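Asker: Contents of work-v2.pdb (PDB, C-alpha atoms):
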```
ATOM      1  CA  MET A   1     116.283  64.260 140.434  1.00  0.00           C
ATOM      2  CA  LEU A   2     116.186  66.681 137.504  1.00  0.00           C
ATOM      3  CA  TYR A   3     114.096  65.478 134.608  1.00  0.00           C
ATOM      4  CA  TYR A   4     113.961  66.885 131.123  1.00  0.00           C
ATOM      5  CA  ASP A   5     113.137  65.497 127.718  1.00  0.00           C
ATOM      6  CA  ILE A   6     116.137  66.009 125.450  1.00  0.00           C
ATOM      7  CA  GLU A   7     113.934  65.813 122.341  1.00  0.00           C
ATOM      8  CA  VAL A   8     111.814  68.708 123.592  1.00  0.00           C
ATOM      9  CA  ILE A   9     114.944  70.736 124.248  1.00  0.00           C
ATOM     10  CA  TYR A  10     116.131  70.093 120.681  1.00  0.00           C
ATOM     11  CA  LEU A  11     112.729  71.241 119.384  1.00  0.00           C
ATOM     12  CA  TYR A  12     113.042  74.494 121.323  1.00  0.00           C
ATOM     13  CA  GLU A  13     116.591  75.024 120.109  1.00  0.00           C
ATOM     14  CA  ASP A  14     115.483  74.461 116.516  1.00  0.00           C
ATOM     15  CA  PHE A  15     112.597  76.877 117.000  1.00  0.00           C
ATOM     16  CA  VAL A  16     114.905  79.609 118.326  1.00  0.00           C
ATOM     17  CA  LYS A  17     117.434  79.336 115.512  1.00  0.00           C
ATOM     18  CA  ASN A  18     114.734  79.104 112.832  1.00  0.00           C
ATOM     19  CA  ARG A  19     112.762  82.007 114.283  1.00  0.00           C
ATOM     20  CA  ILE A  20     115.831  84.246 114.408  1.00  0.00           C
ATOM     21  CA  THR A  21     116.542  83.368 110.775  1.00  0.00           C
ATOM     22  CA  GLN A  22     112.922  84.063 109.771  1.00  0.00           C
ATOM     23  CA  LEU A  23     112.846  87.433 111.528  1.00  0.00           C
ATOM     24  CA  ARG A  24     116.272  88.401 110.182  1.00  0.00           C
ATOM     25  CA  ILE A  25     115.181  87.680 106.604  1.00  0.00           C
ATOM     26  CA  GLN A  26     111.939  89.629 107.122  1.00  0.00           C
ATOM     27  CA  LYS A  27     113.999  92.559 108.362  1.00  0.00           C
ATOM     28  CA  GLY A  28     116.158  92.252 105.252  1.00  0.00           C
ATOM     29  CA  VAL A  29     119.537  92.034 106.950  1.00  0.00           C
ATOM     30  CA  SER A  30     122.386  89.581 106.535  1.00  0.00           C
ATOM     31  CA  GLU A  31     123.790  87.453 109.330  1.00  0.00           C
ATOM     32  CA  TYR A  32     126.887  89.614 109.206  1.00  0.00           C
ATOM     33  CA  GLN A  33     124.921  92.875 109.465  1.00  0.00           C
ATOM     34  CA  MET A  34     122.795  91.613 112.342  1.00  0.00           C
ATOM     35  CA  GLY A  35     125.876  90.475 114.243  1.00  0.00           C
ATOM     36  CA  TYR A  36     127.531  93.855 113.635  1.00  0.00           C
ATOM     37  CA  ASP A  37     124.383  95.742 114.711  1.00  0.00           C
ATOM     38  CA  LEU A  38     124.292  93.738 117.934  1.00  0.00           C
ATOM     39  CA  GLY A  39     127.982  94.404 118.580  1.00  0.00           C
ATOM     40  CA  HIS A  40     129.263  90.907 117.895  1.00  0.00           C
ATOM     41  CA  SER A  41     131.645  89.188 115.518  1.00  0.00           C
ATOM     42  CA  ARG A  42     130.704  88.446 111.939  1.00  0.00           C
ATOM     43  CA  GLY A  43     130.065  84.775 112.789  1.00  0.00           C
ATOM     44  CA  TYR A  44     127.858  85.362 115.831  1.00  0.00           C
ATOM     45  CA  VAL A  45     124.476  85.089 114.080  1.00  0.00           C
ATOM     46  CA  TYR A  46     125.759  82.316 111.808  1.00  0.00           C
ATOM     47  CA  ASN A  47     126.622  80.246 114.885  1.00  0.00           C
ATOM     48  CA  ILE A  48     123.090  80.723 116.224  1.00  0.00           C
ATOM     49  CA  SER A  49     121.412  80.036 112.870  1.00  0.00           C
ATOM     50  CA  SER A  50     123.474  76.913 112.292  1.00  0.00           C
ATOM     51  CA  GLY A  51     122.712  75.558 115.756  1.00  0.00           C
ATOM     52  CA  LYS A  52     126.298  75.755 117.008  1.00  0.00           C
ATOM     53  CA  SER A  53     125.271  78.034 119.854  1.00  0.00           C
ATOM     54  CA  LEU A  54     122.302  79.760 121.417  1.00  0.00           C
ATOM     55  CA  PRO A  55     122.258  83.315 122.751  1.00  0.00           C
ATOM     56  CA  PRO A  56     122.319  83.813 126.514  1.00  0.00           C
ATOM     57  CA  MET A  57     119.141  85.275 127.981  1.00  0.00           C
ATOM     58  CA  SER A  58     120.406  88.862 128.065  1.00  0.00           C
ATOM     59  CA  GLU A  59     121.398  88.614 124.411  1.00  0.00           C
ATOM     60  CA  PHE A  60     118.051  87.023 123.553  1.00  0.00           C
ATOM     61  CA  PHE A  61     116.363  90.138 124.954  1.00  0.00           C
ATOM     62  CA  ALA A  62     118.665  92.310 122.824  1.00  0.00           C
ATOM     63  CA  ILE A  63     117.717  90.246 119.755  1.00  0.00           C
ATOM     64  CA  CYS A  64     114.010  90.751 120.496  1.00  0.00           C
ATOM     65  CA  GLU A  65     114.641  94.480 120.865  1.00  0.00           C
ATOM     66  CA  TYR A  66     116.555  94.444 117.562  1.00  0.00           C
ATOM     67  CA  PHE A  67     113.498  92.998 115.827  1.00  0.00           C
ATOM     68  CA  GLY A  68     111.128  95.361 117.673  1.00  0.00           C
ATOM     69  CA  ILE A  69     109.206  92.550 119.358  1.00  0.00           C
ATOM     70  CA  THR A  70     108.651  91.173 122.833  1.00  0.00           C
ATOM     71  CA  PRO A  71     109.900  87.750 123.952  1.00  0.00           C
ATOM     72  CA  ALA A  72     106.259  86.589 123.977  1.00  0.00           C
ATOM     73  CA  GLU A  73     105.901  87.656 120.340  1.00  0.00           C
ATOM     74  CA  PHE A  74     109.136  85.843 119.498  1.00  0.00           C
ATOM     75  CA  PHE A  75     107.689  82.555 120.756  1.00  0.00           C
ATOM     76  CA  ASP A  76     104.244  83.070 119.191  1.00  0.00           C
ATOM     77  CA  ASP A  77     104.605  80.682 116.265  1.00  0.00           C
ATOM     78  CA  LYS A  78     101.158  81.597 114.930  1.00  0.00           C
ATOM     79  CA  ASN A  79     102.415  85.130 114.276  1.00  0.00           C
ATOM     80  CA  SER A  80     104.682  84.959 111.255  1.00  0.00           C
ATOM     81  CA  ASN A  81     105.482  88.689 111.222  1.00  0.00           C
ATOM     82  CA  PRO A  82     105.333  90.025 114.796  1.00  0.00           C
ATOM     83  CA  ALA A  83     106.989  93.361 113.971  1.00  0.00           C
ATOM     84  CA  LEU A  84     104.285  94.119 111.403  1.00  0.00           C
ATOM     85  CA  VAL A  85     101.511  93.105 113.799  1.00  0.00           C
ATOM     86  CA  GLN A  86     103.060  95.311 116.497  1.00  0.00           C
ATOM     87  CA  LYS A  87     103.164  98.239 114.075  1.00  0.00           C
ATOM     88  CA  ALA A  88      99.476  97.704 113.228  1.00  0.00           C
ATOM     89  CA  LEU A  89      98.556  97.520 116.917  1.00  0.00           C
ATOM     90  CA  ASN A  90     100.420 100.733 117.638  1.00  0.00           C
ATOM     91  CA  GLY A  91      98.413 102.434 114.881  1.00  0.00           C
ATOM     92  CA  LEU A  92      95.139 100.994 116.154  1.00  0.00           C
ATOM     93  CA  LYS A  93      95.799 102.380 119.629  1.00  0.00           C
ATOM     94  CA  LYS A  94      95.728 105.879 118.160  1.00  0.00           C
ATOM     95  CA  LEU A  95      92.242 105.504 116.650  1.00  0.00           C
ATOM     96  CA  ASP A  96      89.009 106.553 118.298  1.00  0.00           C
ATOM     97  CA  ASP A  97      86.231 104.039 118.945  1.00  0.00           C
ATOM     98  CA  SER A  98      84.309 104.725 115.751  1.00  0.00           C
ATOM     99  CA  ASP A  99      87.402 104.204 113.597  1.00  0.00           C
ATOM    100  CA  LEU A 100      88.273 101.048 115.522  1.00  0.00           C
ATOM    101  CA  LEU A 101      84.803  99.690 114.768  1.00  0.00           C
ATOM    102  CA  LEU A 102      85.328 100.417 111.063  1.00  0.00           C
ATOM    103  CA  VAL A 103      88.651  98.562 111.090  1.00  0.00           C
ATOM    104  CA  LEU A 104      87.105  95.655 112.979  1.00  0.00           C
ATOM    105  CA  ASP A 105      84.267  95.475 110.434  1.00  0.00           C
ATOM    106  CA  LEU A 106      86.817  95.423 107.615  1.00  0.00           C
ATOM    107  CA  ILE A 107      88.792  92.628 109.306  1.00  0.00           C
ATOM    108  CA  ASN A 108      85.631  90.577 109.798  1.00  0.00           C
ATOM    109  CA  ARG A 109      84.678  90.968 106.139  1.00  0.00           C
ATOM    110  CA  MET A 110      88.175  89.951 105.006  1.00  0.00           C
ATOM    111  CA  LEU A 111      88.112  86.832 107.179  1.00  0.00           C
ATOM    112  CA  LYS A 112      84.852  85.532 105.686  1.00  0.00           C
TER     113      LYS A 112
END
```
Show this structure as structure tokens.
Answerer:
Amino acid sequence: MLYYDIEVIYLYEDFVKNRITQLRIQKGVSEYQMGYDLGHSRGYVYNISSGKSLPPMSEFFAICEYFGITPAEFFDDKNSNPALVQKALNGLKKLDDSDLLLVLDLINRMLK
């Protein structure tokens, strides 16, 4: 017997549509533009954002790629701007150890 909690599924669906909307607004693109960029009709992103439909898995991966994030970053609700964090991490990877220590010290001071 297959068991699932329909309320949990609705929570996940709400998260997906809200997260796509949040990331789209951060990127500064309209629903229409995002749909066009992804090769879909003008109502494609609207249908996702309004909860009328959800993207299939392959399209979900394309949406993550569009935002420049991984699926794990998409579902990390503690990270409100994953593309910006990814950009910072990419920059940090280019620093030597002494510069990394300086950045870490700065972060620690800012968090106090």
Asker: Using the file's own x, y and z axes, what box holds all listed atoms of region 9-23 of chain A with 6 Å on each side, keeping edges along x, y and z, and what are its centre and edge lengths in Å to one decimal, as JSON?
Answerer:
```
{"center_x": 115.0, "center_y": 78.8, "center_z": 117.0, "size_x": 16.8, "size_y": 29.3, "size_z": 26.5}
```
Asker: Once the PyMOL selection byres ((chain A and resi 31) around 8) is applied to the coordinates I shared, what remains selected? I want it as a list in words.
Answerer: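 Here the PyMOL selection byres ((chain A and resi 31) around 8) matches Arg24, Val29, Ser30, Tyr32, Gln33, Met34, Gly35, Arg42, Gly43, Tyr44, Val45 and Tyr46 of chain A.
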Asker: Can I get the selection written as a PDB file, keeping the file's coordinate frame, with C-alpha atoms?
Answerer:
```pdb
ATOM      1  CA  ARG A  24     116.272  88.401 110.182  1.00  0.00           C
ATOM      2  CA  VAL A  29     119.537  92.034 106.950  1.00  0.00           C
ATOM      3  CA  SER A  30     122.386  89.581 106.535  1.00  0.00           C
ATOM      4  CA  TYR A  32     126.887  89.614 109.206  1.00  0.00           C
ATOM      5  CA  GLN A  33     124.921  92.875 109.465  1.00  0.00           C
ATOM      6  CA  MET A  34     122.795  91.613 112.342  1.00  0.00           C
ATOM      7  CA  GLY A  35     125.876  90.475 114.243  1.00  0.00           C
ATOM      8  CA  ARG A  42     130.704  88.446 111.939  1.00  0.00           C
ATOM      9  CA  GLY A  43     130.065  84.775 112.789  1.00  0.00           C
ATOM     10  CA  TYR A  44     127.858  85.362 115.831  1.00  0.00           C
ATOM     11  CA  VAL A  45     124.476  85.089 114.080  1.00  0.00           C
ATOM     12  CA  TYR A  46     125.759  82.316 111.808  1.00  0.00           C
TER      13      TYR A  46
END
```
Asker: Convert the output of the PyMOL selection byres ((chain A and resi 63-66) around 10) on the shown file into explicit residues, formatted as a list in words.
Answerer: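 Evaluating the PyMOL selection byres ((chain A and resi 63-66) around 10) on this file yields Ile20, Leu23, Arg24, Lys27, Met34, Gly35, Asp37, Leu38, Pro55, Met57, Ser58, Glu59, Phe60, Phe61, Ala62, Phe67, Gly68, Ile69, Thr70, Pro71, Ala72, Glu73, Phe74 and Ala83 of chain A.
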Asker: Give me, please, the distance in Å between CA of Asp77 (chain A) and CA of Leu102 (chain A), quoted to one decimal.
Answerer: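 Computing the Euclidean distance for CA of Asp77 (chain A) and CA of Leu102 (chain A) yields 28.1 Å.
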Asker: What's the separation between CA of Glu13 (chain A) and CA of Leu54 (chain A), in Å to one decimal place?
Answerer: 7.5 Å
